[in-house]
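Take a look at the structure below.
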Amino acid sequence: MGRKFFVGGNWKCNGTTEEVKKIVTTLNEAKVPGEDVVEVVVSPPFVFLPFVKSLLRPDFHVSAQNCWVRKGGAYTGEVSAEMLVNLGIPWVIIGHSERRQLLNESNEFVGDKVAYALQQGLKVIACIGETLEQREAGTTTAVVAEQTKAIAAKISNWDNVVLAYEPVWAIGTGKVATPAQAQEVHADLRKWVHDNVSAEVAASVRIIYGGSAEFVDIINAATVKKN
Ligand SMILES: O=C[C@H](O)COP(=O)(O)O
């Protein structure tokens with residue numbers, strides 16, 4: 001069977017109760033293929049998670065944007081994987097470039113977080129991606145391989161992992177990666193997983209593009225082409 005499509009929305013540190021309500025109302029009215037074809041996951045800030053979960057249609061799911069690296073305890077300001085499980089939150093984003101860059105989360109720390117979240121029963125959207133400097137230096141493949149290696153070193157079961165390729169130069173910059181650029185890195189990544197994890201995981205793991213994207217009106221594009 002082919003890999004199921006995956007669509008995610010990271011709301012980052014944005015929103016008010018009113019805005020969240022509006023977005024969820026819009027999402028609830030959206031027409032999408034069934035859950036057997038595409039998984040739809042939205043990732044509001046922690047404080048809105050239970051609220052969004054309670055309003056969101058049941059075929060769409062919620063994700064946290066982060067969680068603590070180990071069991072909860074005296075870690076002021078943190079939210080543990082156990083708490084997310086307790087709230088019925090199925091997904092968590094780990095290793096987003098904003099956390100890697102602004103909060104100095106290292107590859108190793110991200111690997112530990114992914115492993116701990118998976119152990120607790122969460123599904124993980126693990127983010128990787130290169131900076132503009134790294135791309136221009138021709139090290140994109142090596143950088144994403146190194147980031148993936150740090151995760152692979154800590155986990156043995158990839159069933160609940162989605163790899164999100166998020167080029168840092170195409171996040172909040174107004175720049176977007178072309179489909180060909182994203183596809184090239186995805187292919188390299190899948191090859192890395194094949195050679196370093198297993199052929200089975202390489203065939204089954206979902207790799208998604210998570211940088212900014214250009215809106216393409218497929219229906220209009222098809223009409224123009226037809227005419
Ligand atoms: O997690 C999503 C990416 O960081 C894309 O963010 P952006 O659409 O704000 O550039």
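A note on labels: chains of the structure tokens are A, B, ... as shown, every chain counts residues from 1, and ligands are counted from 1 in their shown order.
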Using only C-alpha atoms and all ligand atoms, what are the residues with an atom within 7 Å of ligand 1, set out as JSON, numbers by chain?
-> {"A": [10, 96, 166, 170, 171, 172, 173, 174, 210, 211, 212]}
Got time to write the residues from that selection, N, CA and C atoms, as a PDB file, in the first residue's frame?
```pdb
ATOM      1  N   ASN A  10       1.192  24.365  11.111  1.00  0.00           N
ATOM      2  CA  ASN A  10       1.845  24.801  12.352  1.00  0.00           C
ATOM      3  C   ASN A  10       1.466  26.249  12.615  1.00  0.00           C
ATOM      4  N   HIS A  96      11.709  21.731  15.366  1.00  0.00           N
ATOM      5  CA  HIS A  96      11.454  22.815  14.408  1.00  0.00           C
ATOM      6  C   HIS A  96      12.666  23.750  14.374  1.00  0.00           C
ATOM      7  N   GLU A 166      12.175  21.014   6.221  1.00  0.00           N
ATOM      8  CA  GLU A 166      11.834  22.431   6.300  1.00  0.00           C
ATOM      9  C   GLU A 166      13.090  23.265   6.100  1.00  0.00           C
ATOM     10  N   ALA A 170      13.541  28.954   3.744  1.00  0.00           N
ATOM     11  CA  ALA A 170      12.174  29.095   3.228  1.00  0.00           C
ATOM     12  C   ALA A 170      11.169  29.076   4.379  1.00  0.00           C
ATOM     13  N   ILE A 171      11.597  29.634   5.515  1.00  0.00           N
ATOM     14  CA  ILE A 171      10.691  29.721   6.662  1.00  0.00           C
ATOM     15  C   ILE A 171      10.606  31.166   7.106  1.00  0.00           C
ATOM     16  N   GLY A 172       9.428  31.717   6.966  1.00  0.00           N
ATOM     17  CA  GLY A 172       9.205  33.100   7.399  1.00  0.00           C
ATOM     18  C   GLY A 172      10.039  34.125   6.651  1.00  0.00           C
ATOM     19  N   THR A 173      10.555  33.758   5.469  1.00  0.00           N
ATOM     20  CA  THR A 173      11.428  34.667   4.719  1.00  0.00           C
ATOM     21  C   THR A 173      10.736  35.196   3.476  1.00  0.00           C
ATOM     22  N   GLY A 174       9.594  34.594   3.142  1.00  0.00           N
ATOM     23  CA  GLY A 174       8.916  34.971   1.894  1.00  0.00           C
ATOM     24  C   GLY A 174       9.456  34.146   0.735  1.00  0.00           C
ATOM     25  N   GLY A 210       7.964  21.094   4.531  1.00  0.00           N
ATOM     26  CA  GLY A 210       7.350  21.920   5.568  1.00  0.00           C
ATOM     27  C   GLY A 210       7.784  23.372   5.551  1.00  0.00           C
ATOM     28  N   GLY A 211       8.438  23.784   4.469  1.00  0.00           N
ATOM     29  CA  GLY A 211       8.782  25.204   4.386  1.00  0.00           C
ATOM     30  C   GLY A 211       7.596  25.972   3.828  1.00  0.00           C
ATOM     31  N   SER A 212       7.790  27.258   3.588  1.00  0.00           N
ATOM     32  CA  SER A 212       6.715  28.043   2.981  1.00  0.00           C
ATOM     33  C   SER A 212       6.423  27.485   1.600  1.00  0.00           C
TER      34      SER A 212
END
```
**Study point:** Within 7 Å of range 121-131 of chain A using only C-alpha atoms, minus same-chain residues under 5 positions, as a VMD selection string
**Key:** chain A and resid 85 90 to 96 114 140 143 to 144 147 160 to 169
Write to file, as an mmCIF file, in the first residue's frame, the residues of the selection just made, with C-alpha atoms.
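Final output, saved to part-v9.cif:
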```
data_model
loop_
_atom_site.group_PDB
_atom_site.id
_atom_site.type_symbol
_atom_site.label_atom_id
_atom_site.label_comp_id
_atom_site.auth_asym_id
_atom_site.auth_seq_id
_atom_site.Cartn_x
_atom_site.Cartn_y
_atom_site.Cartn_z
ATOM 1 C CA VAL A 85 -0.873 11.892 26.182
ATOM 2 C CA PRO A 90 -1.801 12.381 19.430
ATOM 3 C CA TRP A 91 0.982 14.314 17.667
ATOM 4 C CA VAL A 92 3.945 16.522 18.521
ATOM 5 C CA ILE A 93 6.315 18.556 16.330
ATOM 6 C CA ILE A 94 9.925 18.147 17.401
ATOM 7 C CA GLY A 95 13.065 19.899 16.196
ATOM 8 C CA HIS A 96 11.454 22.815 14.408
ATOM 9 C CA VAL A 114 11.854 12.240 19.489
ATOM 10 C CA THR A 140 22.342 20.407 2.263
ATOM 11 C CA VAL A 143 23.205 18.596 7.049
ATOM 12 C CA VAL A 144 19.855 16.839 6.754
ATOM 13 C CA GLN A 147 20.046 15.711 11.666
ATOM 14 C CA ASN A 160 4.953 6.891 14.146
ATOM 15 C CA VAL A 161 7.438 9.324 12.634
ATOM 16 C CA VAL A 162 6.856 11.790 9.815
ATOM 17 C CA LEU A 163 9.999 13.550 8.598
ATOM 18 C CA ALA A 164 9.362 17.171 7.734
ATOM 19 C CA TYR A 165 11.946 18.749 5.449
ATOM 20 C CA GLU A 166 11.834 22.431 6.300
ATOM 21 C CA PRO A 167 14.597 24.430 4.619
ATOM 22 C CA VAL A 168 15.401 27.241 7.049
ATOM 23 C CA TRP A 169 15.815 29.723 4.182
#
```
What's the 8 Å shell around range 62-67 of chain A, counting only C-alpha atoms, without same-chain residues fewer than 3 positions away, as a PDB file with N, CA and C atoms, in the first residue's frame?
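Wrote it out as selection_28.pdb, contents follow:
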```pdb
ATOM      1  N   ASN A  10       1.192  24.365  11.111  1.00  0.00           N
ATOM      2  CA  ASN A  10       1.845  24.801  12.352  1.00  0.00           C
ATOM      3  C   ASN A  10       1.466  26.249  12.615  1.00  0.00           C
ATOM      4  N   LYS A  12       2.338  28.062  15.065  1.00  0.00           N
ATOM      5  CA  LYS A  12       3.424  28.756  15.776  1.00  0.00           C
ATOM      6  C   LYS A  12       2.867  29.510  16.995  1.00  0.00           C
ATOM      7  N   VAL A  41      -3.501  17.389  10.203  1.00  0.00           N
ATOM      8  CA  VAL A  41      -3.089  17.655  11.583  1.00  0.00           C
ATOM      9  C   VAL A  41      -2.839  19.148  11.754  1.00  0.00           C
ATOM     10  N   VAL A  42      -3.424  19.749  12.792  1.00  0.00           N
ATOM     11  CA  VAL A  42      -3.143  21.159  13.060  1.00  0.00           C
ATOM     12  C   VAL A  42      -2.422  21.295  14.393  1.00  0.00           C
ATOM     13  N   SER A  43      -1.532  22.274  14.428  1.00  0.00           N
ATOM     14  CA  SER A  43      -0.672  22.405  15.593  1.00  0.00           C
ATOM     15  C   SER A  43      -0.766  23.792  16.228  1.00  0.00           C
ATOM     16  N   PRO A  44      -1.765  23.984  17.093  1.00  0.00           N
ATOM     17  CA  PRO A  44      -1.900  25.272  17.774  1.00  0.00           C
ATOM     18  C   PRO A  44      -0.916  25.370  18.943  1.00  0.00           C
ATOM     19  N   PRO A  45      -0.752  26.566  19.501  1.00  0.00           N
ATOM     20  CA  PRO A  45       0.072  26.693  20.714  1.00  0.00           C
ATOM     21  C   PRO A  45      -0.521  25.832  21.844  1.00  0.00           C
ATOM     22  N   PHE A  46       0.330  25.441  22.796  1.00  0.00           N
ATOM     23  CA  PHE A  46      -0.100  24.573  23.911  1.00  0.00           C
ATOM     24  C   PHE A  46      -1.422  25.016  24.531  1.00  0.00           C
ATOM     25  N   LEU A  49      -4.586  23.895  22.834  1.00  0.00           N
ATOM     26  CA  LEU A  49      -4.741  22.496  22.404  1.00  0.00           C
ATOM     27  C   LEU A  49      -6.081  21.859  22.807  1.00  0.00           C
ATOM     28  N   VAL A  52      -8.997  23.557  20.857  1.00  0.00           N
ATOM     29  CA  VAL A  52      -9.050  23.181  19.440  1.00  0.00           C
ATOM     30  C   VAL A  52      -9.524  21.735  19.315  1.00  0.00           C
ATOM     31  N   LYS A  53      -8.969  20.870  20.161  1.00  0.00           N
ATOM     32  CA  LYS A  53      -9.371  19.456  20.098  1.00  0.00           C
ATOM     33  C   LYS A  53     -10.883  19.303  20.303  1.00  0.00           C
ATOM     34  N   GLU A  78       7.990  24.127  30.985  1.00  0.00           N
ATOM     35  CA  GLU A  78       7.943  23.037  30.008  1.00  0.00           C
ATOM     36  C   GLU A  78       6.623  22.270  30.081  1.00  0.00           C
ATOM     37  N   VAL A  79       6.328  21.521  29.025  1.00  0.00           N
ATOM     38  CA  VAL A  79       5.144  20.667  28.968  1.00  0.00           C
ATOM     39  C   VAL A  79       5.645  19.272  28.596  1.00  0.00           C
ATOM     40  N   SER A  80       5.261  18.270  29.377  1.00  0.00           N
ATOM     41  CA  SER A  80       5.812  16.932  29.135  1.00  0.00           C
ATOM     42  C   SER A  80       4.991  16.130  28.131  1.00  0.00           C
ATOM     43  N   ALA A  81       5.650  15.121  27.570  1.00  0.00           N
ATOM     44  CA  ALA A  81       4.967  14.207  26.647  1.00  0.00           C
ATOM     45  C   ALA A  81       3.811  13.518  27.369  1.00  0.00           C
ATOM     46  N   LEU A  84       0.717  15.571  27.327  1.00  0.00           N
ATOM     47  CA  LEU A  84       0.046  15.567  26.021  1.00  0.00           C
ATOM     48  C   LEU A  84      -0.760  14.281  25.859  1.00  0.00           C
ATOM     49  N   ILE A  89      -3.713  14.263  23.120  1.00  0.00           N
ATOM     50  CA  ILE A  89      -3.084  14.922  21.963  1.00  0.00           C
ATOM     51  C   ILE A  89      -2.213  13.861  21.269  1.00  0.00           C
ATOM     52  N   PRO A  90      -2.538  13.507  20.031  1.00  0.00           N
ATOM     53  CA  PRO A  90      -1.801  12.381  19.430  1.00  0.00           C
ATOM     54  C   PRO A  90      -0.437  12.713  18.833  1.00  0.00           C
ATOM     55  N   TRP A  91      -0.226  13.969  18.414  1.00  0.00           N
ATOM     56  CA  TRP A  91       0.982  14.314  17.667  1.00  0.00           C
ATOM     57  C   TRP A  91       1.807  15.383  18.378  1.00  0.00           C
ATOM     58  N   VAL A  92       3.095  15.419  18.066  1.00  0.00           N
ATOM     59  CA  VAL A  92       3.945  16.522  18.521  1.00  0.00           C
ATOM     60  C   VAL A  92       4.990  16.828  17.439  1.00  0.00           C
ATOM     61  N   ILE A  93       5.237  18.119  17.235  1.00  0.00           N
ATOM     62  CA  ILE A  93       6.315  18.556  16.330  1.00  0.00           C
ATOM     63  C   ILE A  93       7.585  18.615  17.165  1.00  0.00           C
ATOM     64  N   ILE A  94       8.659  18.053  16.658  1.00  0.00           N
ATOM     65  CA  ILE A  94       9.925  18.147  17.401  1.00  0.00           C
ATOM     66  C   ILE A  94      11.035  18.594  16.453  1.00  0.00           C
ATOM     67  N   GLY A  95      11.887  19.467  16.964  1.00  0.00           N
ATOM     68  CA  GLY A  95      13.065  19.899  16.196  1.00  0.00           C
ATOM     69  C   GLY A  95      12.781  20.965  15.166  1.00  0.00           C
ATOM     70  N   LYS A 113      14.494  13.893  22.337  1.00  0.00           N
ATOM     71  CA  LYS A 113      13.073  14.269  22.453  1.00  0.00           C
ATOM     72  C   LYS A 113      12.200  13.364  21.614  1.00  0.00           C
ATOM     73  N   ALA A 117       9.296  11.039  23.251  1.00  0.00           N
ATOM     74  CA  ALA A 117       7.895  11.254  22.856  1.00  0.00           C
ATOM     75  C   ALA A 117       7.308   9.963  22.267  1.00  0.00           C
TER      76      ALA A 117
END
```
Polymer residues at most 12 Å from Gly34 in chain A, only C-alpha atoms, same-chain spacing of 2 or more positions, as an NGL selection string: :A and (4-6 or 30-32 or 36-40 or 58-60)
Just to be explicit: take each residue in the selection above, keep C-alpha atoms, and write the result as a PDB file, in the first residue's frame.
```pdb
ATOM      1  CA  LYS A   4      -0.833   8.045   3.200  1.00  0.00           C
ATOM      2  CA  PHE A   5      -0.791  11.771   2.400  1.00  0.00           C
ATOM      3  CA  PHE A   6      -0.123  14.052   5.334  1.00  0.00           C
ATOM      4  CA  ALA A  30     -13.294  21.965   4.389  1.00  0.00           C
ATOM      5  CA  LYS A  31     -13.831  19.270   1.807  1.00  0.00           C
ATOM      6  CA  VAL A  32     -10.988  16.768   1.863  1.00  0.00           C
ATOM      7  CA  ASP A  36      -7.781   6.686   4.671  1.00  0.00           C
ATOM      8  CA  VAL A  37      -6.237   8.926   1.978  1.00  0.00           C
ATOM      9  CA  VAL A  38      -4.938  11.946   3.886  1.00  0.00           C
ATOM     10  CA  GLU A  39      -4.145  12.724   7.492  1.00  0.00           C
ATOM     11  CA  VAL A  40      -4.814  16.337   8.467  1.00  0.00           C
ATOM     12  CA  PRO A  58     -13.031  14.139  14.501  1.00  0.00           C
ATOM     13  CA  ASP A  59     -11.224  13.211  11.273  1.00  0.00           C
ATOM     14  CA  PHE A  60      -8.681  16.023  11.802  1.00  0.00           C
TER      15      PHE A  60
END
```
With distances taken over only C-alpha atoms, the candidate from A:Arg57, A:Lys21, A:Arg135, A:Lys191 nearest Ala177 in chain A is A:Arg135
- Task: Just the residues within 12 Å of Ala153 in chain A, please, counting only C-alpha atoms, with nothing from its chain fewer than 2 positions along; format it as a list in words.
- Result: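 Selected residues are Asn107, Glu108, Phe109, Val110, Gly111, Asp112, Val114, Ala115, Ala145, Glu146, Gln147, Thr148, Lys149, Ala150, Ile151, Ile155, Ser156, Asn157, Trp158, Val193, Asn196 and Val197 of chain A.
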For those residues, write C-alpha atoms to a file as a compact mmCIF listing (two decimals), in the first residue's frame.
```
# COMPACT_ATOMS: atom_id res chain seq x y z
CA ASN A 107 20.68 17.42 16.92
CA GLU A 108 21.29 15.18 19.91
CA PHE A 109 18.68 16.91 22.07
CA VAL A 110 16.16 16.64 19.25
CA GLY A 111 16.98 12.92 18.90
CA ASP A 112 16.39 12.42 22.63
CA VAL A 114 11.85 12.24 19.49
CA ALA A 115 12.75 9.00 21.28
CA ALA A 145 21.60 13.45 6.94
CA GLU A 146 23.34 14.51 10.16
CA GLN A 147 20.05 15.71 11.67
CA THR A 148 18.30 12.48 10.65
CA LYS A 149 21.20 10.39 11.94
CA ALA A 150 20.84 11.93 15.40
CA ILE A 151 17.20 10.80 15.43
CA ILE A 155 14.90 5.16 17.82
CA SER A 156 14.25 1.75 16.33
CA ASN A 157 10.62 2.03 15.28
CA TRP A 158 9.75 4.63 12.66
CA VAL A 193 17.18 6.15 5.35
CA ASN A 196 21.35 3.68 7.12
CA VAL A 197 18.08 2.46 8.63
```
Which of range 84-177 of chain A counts as strand (DSSP E or B) under DSSP, as a PyMOL selection string please?
chain A and resi 91-94+123-128+161-165
Using only C-alpha atoms, the shortest atom-to-atom distance to His61 in chain A among A:Glu98, A:Glu136, A:Glu35, A:Glu82 belongs to A:Glu35
- Item | Separation of CA of Cys13 in chain A from CA of Gln119 in chain A in Å |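 Straight-line distance from CA of Gln119 in chain A to CA of Cys13 in chain A works out to 26.5 Å.
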Legend entry - DSSP helix (DSSP H, G or I) selection over range 39-214 of chain A, as a PyMOL selection string: chain A and resi 46-55+81-86+97-102+107-119+132-136+140-152+168-170+179-196+199-204
Export, as a PDB file, in the first residue's frame, the selected residues with C-alpha atoms.
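Saved the output as result_15.pdb:
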```pdb
ATOM      1  CA  PHE A  46      -0.100  24.573  23.911  1.00  0.00           C
ATOM      2  CA  VAL A  47      -2.676  26.812  25.577  1.00  0.00           C
ATOM      3  CA  PHE A  48      -5.219  26.253  22.813  1.00  0.00           C
ATOM      4  CA  LEU A  49      -4.741  22.496  22.404  1.00  0.00           C
ATOM      5  CA  PRO A  50      -7.732  21.251  24.464  1.00  0.00           C
ATOM      6  CA  PHE A  51      -9.956  24.011  23.051  1.00  0.00           C
ATOM      7  CA  VAL A  52      -9.050  23.181  19.440  1.00  0.00           C
ATOM      8  CA  LYS A  53      -9.371  19.456  20.098  1.00  0.00           C
ATOM      9  CA  SER A  54     -12.862  19.960  21.511  1.00  0.00           C
ATOM     10  CA  LEU A  55     -14.046  21.984  18.477  1.00  0.00           C
ATOM     11  CA  ALA A  81       4.967  14.207  26.647  1.00  0.00           C
ATOM     12  CA  GLU A  82       2.967  12.512  29.436  1.00  0.00           C
ATOM     13  CA  MET A  83       0.749  15.577  29.744  1.00  0.00           C
ATOM     14  CA  LEU A  84       0.046  15.567  26.021  1.00  0.00           C
ATOM     15  CA  VAL A  85      -0.873  11.892  26.182  1.00  0.00           C
ATOM     16  CA  ASN A  86      -3.077  12.601  29.202  1.00  0.00           C
ATOM     17  CA  SER A  97      14.190  25.099  13.072  1.00  0.00           C
ATOM     18  CA  GLU A  98      12.882  27.999  15.146  1.00  0.00           C
ATOM     19  CA  ARG A  99      13.616  25.951  18.272  1.00  0.00           C
ATOM     20  CA  ARG A 100      16.923  24.674  16.914  1.00  0.00           C
ATOM     21  CA  GLN A 101      18.030  28.223  16.104  1.00  0.00           C
ATOM     22  CA  LEU A 102      16.429  30.410  18.770  1.00  0.00           C
ATOM     23  CA  ASN A 107      20.675  17.425  16.920  1.00  0.00           C
ATOM     24  CA  GLU A 108      21.289  15.178  19.914  1.00  0.00           C
ATOM     25  CA  PHE A 109      18.685  16.911  22.075  1.00  0.00           C
ATOM     26  CA  VAL A 110      16.158  16.638  19.246  1.00  0.00           C
ATOM     27  CA  GLY A 111      16.985  12.918  18.900  1.00  0.00           C
ATOM     28  CA  ASP A 112      16.392  12.418  22.630  1.00  0.00           C
ATOM     29  CA  LYS A 113      13.073  14.269  22.453  1.00  0.00           C
ATOM     30  CA  VAL A 114      11.854  12.240  19.489  1.00  0.00           C
ATOM     31  CA  ALA A 115      12.755   9.003  21.276  1.00  0.00           C
ATOM     32  CA  TYR A 116      11.081   9.996  24.538  1.00  0.00           C
ATOM     33  CA  ALA A 117       7.895  11.254  22.856  1.00  0.00           C
ATOM     34  CA  LEU A 118       7.600   8.035  20.838  1.00  0.00           C
ATOM     35  CA  GLN A 119       8.127   5.939  23.982  1.00  0.00           C
ATOM     36  CA  LEU A 132      20.829  29.328   3.374  1.00  0.00           C
ATOM     37  CA  GLU A 133      24.526  29.373   4.202  1.00  0.00           C
ATOM     38  CA  GLN A 134      24.622  25.571   4.321  1.00  0.00           C
ATOM     39  CA  ARG A 135      22.721  25.288   1.023  1.00  0.00           C
ATOM     40  CA  GLU A 136      25.059  27.749  -0.667  1.00  0.00           C
ATOM     41  CA  THR A 140      22.342  20.407   2.263  1.00  0.00           C
ATOM     42  CA  THR A 141      22.468  16.615   1.956  1.00  0.00           C
ATOM     43  CA  ALA A 142      25.100  16.296   4.671  1.00  0.00           C
ATOM     44  CA  VAL A 143      23.205  18.596   7.049  1.00  0.00           C
ATOM     45  CA  VAL A 144      19.855  16.839   6.754  1.00  0.00           C
ATOM     46  CA  ALA A 145      21.596  13.452   6.943  1.00  0.00           C
ATOM     47  CA  GLU A 146      23.345  14.506  10.161  1.00  0.00           C
ATOM     48  CA  GLN A 147      20.046  15.711  11.666  1.00  0.00           C
ATOM     49  CA  THR A 148      18.298  12.481  10.653  1.00  0.00           C
ATOM     50  CA  LYS A 149      21.204  10.388  11.938  1.00  0.00           C
ATOM     51  CA  ALA A 150      20.837  11.931  15.405  1.00  0.00           C
ATOM     52  CA  ILE A 151      17.201  10.799  15.429  1.00  0.00           C
ATOM     53  CA  ALA A 152      17.953   7.366  13.930  1.00  0.00           C
ATOM     54  CA  VAL A 168      15.401  27.241   7.049  1.00  0.00           C
ATOM     55  CA  TRP A 169      15.815  29.723   4.182  1.00  0.00           C
ATOM     56  CA  ALA A 170      12.174  29.095   3.228  1.00  0.00           C
ATOM     57  CA  PRO A 179       8.891  21.384  -5.959  1.00  0.00           C
ATOM     58  CA  ALA A 180      12.110  20.208  -7.671  1.00  0.00           C
ATOM     59  CA  GLN A 181      14.303  21.511  -4.821  1.00  0.00           C
ATOM     60  CA  ALA A 182      12.109  19.821  -2.208  1.00  0.00           C
ATOM     61  CA  GLN A 183      11.920  16.623  -4.224  1.00  0.00           C
ATOM     62  CA  GLU A 184      15.694  16.461  -4.599  1.00  0.00           C
ATOM     63  CA  VAL A 185      16.247  16.626  -0.830  1.00  0.00           C
ATOM     64  CA  HIS A 186      13.395  14.180  -0.183  1.00  0.00           C
ATOM     65  CA  ALA A 187      14.997  11.676  -2.575  1.00  0.00           C
ATOM     66  CA  ASP A 188      18.413  12.091  -0.905  1.00  0.00           C
ATOM     67  CA  LEU A 189      16.806  11.644   2.493  1.00  0.00           C
ATOM     68  CA  ARG A 190      14.936   8.526   1.490  1.00  0.00           C
ATOM     69  CA  LYS A 191      18.178   7.103   0.131  1.00  0.00           C
ATOM     70  CA  TRP A 192      19.913   7.953   3.407  1.00  0.00           C
ATOM     71  CA  VAL A 193      17.184   6.150   5.349  1.00  0.00           C
ATOM     72  CA  HIS A 194      17.459   3.181   2.961  1.00  0.00           C
ATOM     73  CA  ASP A 195      21.218   2.921   3.396  1.00  0.00           C
ATOM     74  CA  ASN A 196      21.354   3.676   7.121  1.00  0.00           C
ATOM     75  CA  ALA A 199      14.748  -0.587   3.011  1.00  0.00           C
ATOM     76  CA  GLU A 200      11.408  -1.125   4.807  1.00  0.00           C
ATOM     77  CA  VAL A 201      11.561   2.166   6.690  1.00  0.00           C
ATOM     78  CA  ALA A 202      12.724   3.971   3.542  1.00  0.00           C
ATOM     79  CA  ALA A 203       9.666   2.632   1.724  1.00  0.00           C
ATOM     80  CA  SER A 204       7.188   3.470   4.458  1.00  0.00           C
TER      81      SER A 204
END
```
Pairwise distance, CA of Gly15 in chain A with CA of Ala213 in chain A, equals 20.8 Å
* State, in Å with one decimal place, the distance from CA of Leu103 in chain A to CA of Val20 in chain A. =>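 These atoms are spaced 25.8 Å apart.
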